[in-house]
Each structure stands twice: as C-alpha cells, then as structure tokens.
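Single-structure report; data block below.
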Amino acid sequence: MLGAFSPELNASEGRGDRNRMLILAQQASKFGTILVLIFAIPLIIEMDYILKLWLREPPIYTALFCQFILAAFLLDKLTTGYMMAVNAMGVIAAYQATVGTCLVMTVPLAWVFLALGAQPTSVGLAFIIAMVGVSVGRVLWARRLLSVPIRHWLWDVLLPVGTVTLAASSAALLPRLLLLPSFSRLVLVTIASVLTTIVTAWLFAMNDAERSVIKKIAIQMLTNKIGNK
C-alpha cells in the first residue's frame, strides 16, 4: 500500500501541489498503521500461545521481545508518510541525521538499562524509546520543512489510529480474559480484533472522501469480477 502512495506523493510534489502531497502523506501514515494493526493486535495479545504452537518451548523473553518489535513497527508507521514527504522534497541530510541519531541511541540506552540491573527485555524498551524519538523527529521536521502544524498529525493520524487501537484491543482482550489458552481462543481474538479494526476504521478513522473512494474501488472490483464471469 505504501508503495502505491509513493509515486503519487512524489508526482504531487513535482507538480508543485504541496497540499495534495501532504494529504497523501497523512493518509499513508493513517492507513499504513491501521493495516498493520489488523495483524499486530492479535499477535501481540496471543504471542505466548502462538510461540508455543510454533516452537513448543520458546526461549525465555521471546514473547516480550516480539511484542516490543511489533510495537516499534507500529510507532514507525505512525509517521511513515512524513518520511515519504521529506524524501519527496529531497532535503534529507539533516532529517536523516536526526532519525539516525535517535536509532543509534538504542545501544547506549540498552547499555544503561542493563547496567542498572534491568531485565534483558529492557533492550526492547530501549528500541521503543528510540522509535518514539524517530516519530517525534519526523513530525518536527515536517513542521519545519513543510510547514505542517503538529495538530494536523495529532487530529488526522494519531487520534483516529488511537481510537481504532483502543477499540480493537478491547474487543480482542475480551475472549482472552474469558477463555483458557487454546486455538479456538486465538481464532476468536483474531476475528474480534480484525472486525473491530475494520468497523472502527470505517466509522471513525476515515472521512467522507476516503469512504467514497473505497466504495468506488469496491464497486469497480465487483463489476470487473462479474464482467469476467
């Protein structure tokens, strides 16, 4: 999906249509994160059981490490549109230095945590903190280079994505709290999470224009399928 956004985003910037480029950047962040949520929420909630199905006896801390990695991946997607927008401008030296510095800070942060006697999983926490720094850095560079107010990202990306995340996580946690670990519980958690993500994204994360586009694409796909038959 992000690969589909990139050419149009670059083309819009090339035409001098900065407003459309920024709209696409925020849509890439929002929809990219929501698509990852479809897979990430069931995996995060049922990580222990999934690893036992796969490895039978997973190494200690494996589940928590995997959950940290998925959380970091979600944080990255929250601002990936701004990364694409800055790259489209071509002014990336200072931006890359900021992002690279934040990522490199994972190592000294992990060392400090371990030196203070924290668990090995604190390395994953250090990675999360670094990704928060990356996301904040992207938002700040977007404001400086593209004159995008921070509140636009808060209202158009973080708030709708946060709403979807809260609703889907709550729905997925319900069968986990009521049932013992089993494959049927994994299926129920996945169904509850996916359906809630889709419904809440449609109702709360999309505007009228985005819903209209999706309806047109769905109708076109259905028409093509019927025509092929």
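As shown in the structure tokens, the chain order sets the letters A, B, ...; within each chain, residues go from 1, and ligands are also counted from 1 in the order they appear.
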Using only C-alpha atoms, what does the table of range 121-201 of chain A residues within 8 Å of range 70-91 of chain A look like, with each row giving the shortest atom pair and its distance in Å to one decimal, sorted by chain and ascending number, as a Markdown table?
```
| residue | atom | partner | partner_atom | distance |
| --- | --- | --- | --- | --- |
| A:Phe127 | CA | A:Ala72 | CA | 7.1 |
| A:Ile128 | CA | A:Ala72 | CA | 5.3 |
| A:Met131 | CA | A:Ala72 | CA | 6.1 |
| A:Val132 | CA | A:Leu75 | CA | 6.7 |
| A:Val134 | CA | A:Asp76 | CA | 7.6 |
| A:Ser135 | CA | A:Thr79 | CA | 5.7 |
| A:Arg138 | CA | A:Tyr82 | CA | 6.2 |
| A:Val139 | CA | A:Tyr82 | CA | 7.0 |
| A:Ala142 | CA | A:Tyr82 | CA | 6.3 |
| A:Leu145 | CA | A:Val86 | CA | 7.6 |
| A:Leu146 | CA | A:Val86 | CA | 8.0 |
| A:Val157 | CA | A:Leu78 | CA | 7.2 |
| A:Leu158 | CA | A:Leu78 | CA | 7.2 |
```
Grab the residues selected above and save them as a CSV table (one decimal), in the first residue's frame with C-alpha atoms.
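The resulting part_19.csv:
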```
chain,number,residue,atom,x,y,z
A,127,PHE,CA,14.2,0.3,21.0
A,128,ILE,CA,10.7,1.6,21.7
A,131,MET,CA,11.3,4.8,17.8
A,132,VAL,CA,9.3,7.4,19.7
A,134,VAL,CA,12.2,8.9,15.4
A,135,SER,CA,8.4,9.6,15.2
A,138,ARG,CA,9.7,13.2,11.7
A,139,VAL,CA,6.7,15.3,13.0
A,142,ALA,CA,7.6,18.1,8.8
A,145,LEU,CA,10.3,21.8,6.2
A,146,LEU,CA,6.7,21.5,5.1
A,157,VAL,CA,-3.4,10.5,12.3
A,158,LEU,CA,-2.8,9.9,16.0
```
Residues near Thr163 in chain A, cut-off 8 Å, only C-alpha atoms, skip fewer than 6 positions along chain, as a ChimeraX atom specification: /A:200,204-205
Just to be explicit: take each residue in the selection above, keep C-alpha atoms, and write the result as a PDB file, in the first residue's frame.
```pdb
ATOM      1  CA  THR A 200     -13.998   1.442  13.741  1.00  0.00           C
ATOM      2  CA  PHE A 204     -14.017   6.926  12.985  1.00  0.00           C
ATOM      3  CA  ALA A 205     -10.732   6.957  11.052  1.00  0.00           C
TER       4      ALA A 205
END
```
Could you give me, as a tab-separated table, every range 17-118 of chain A residue with an atom at most 9 Å from range 175-181 of chain A, plus its closest atom pair and distance in Å to one decimal, counting only C-alpha atoms, rows ordered by chain then number?
```
residue	atom	partner	partner_atom	distance
A:Ile45	CA	A:Arg176	CA	8.1
A:Glu46	CA	A:Arg176	CA	8.2
A:Tyr49	CA	A:Pro181	CA	6.8
```
Residues of range 5-150 of chain A in alpha helix (DSSP H), written as a PyMOL selection string: chain A and resi 5-14+18-45+47-55+62-77+80-89+93-104+106-115+122-146+150
Non-local contacts of Val104 in chain A (8 Å; only C-alpha atoms; under 4 positions in same chain excluded) as a ChimeraX atom specification: /A:100,108,130
Which is closer to Pro120 in chain A than all the others in A:Phe65, A:Val161, A:Met105, A:Ala172, using only C-alpha atoms? A:Phe65
For Gly124 in chain A, the closest of A:Tyr61, A:Ala168, A:Leu174, A:Phe31 counting only C-alpha atoms is A:Tyr61
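The space between CA of Gly137 in chain A and CA of Leu103 in chain A spans 11.0 Å.
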Tell me which of A:Val136, A:Ala171, A:Thr197, A:Leu222 sits closest to Phe39 in chain A, counting only C-alpha atoms.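 Looking only at the distances to Phe39 in chain A, the closest residue turns out to be A:Thr197.
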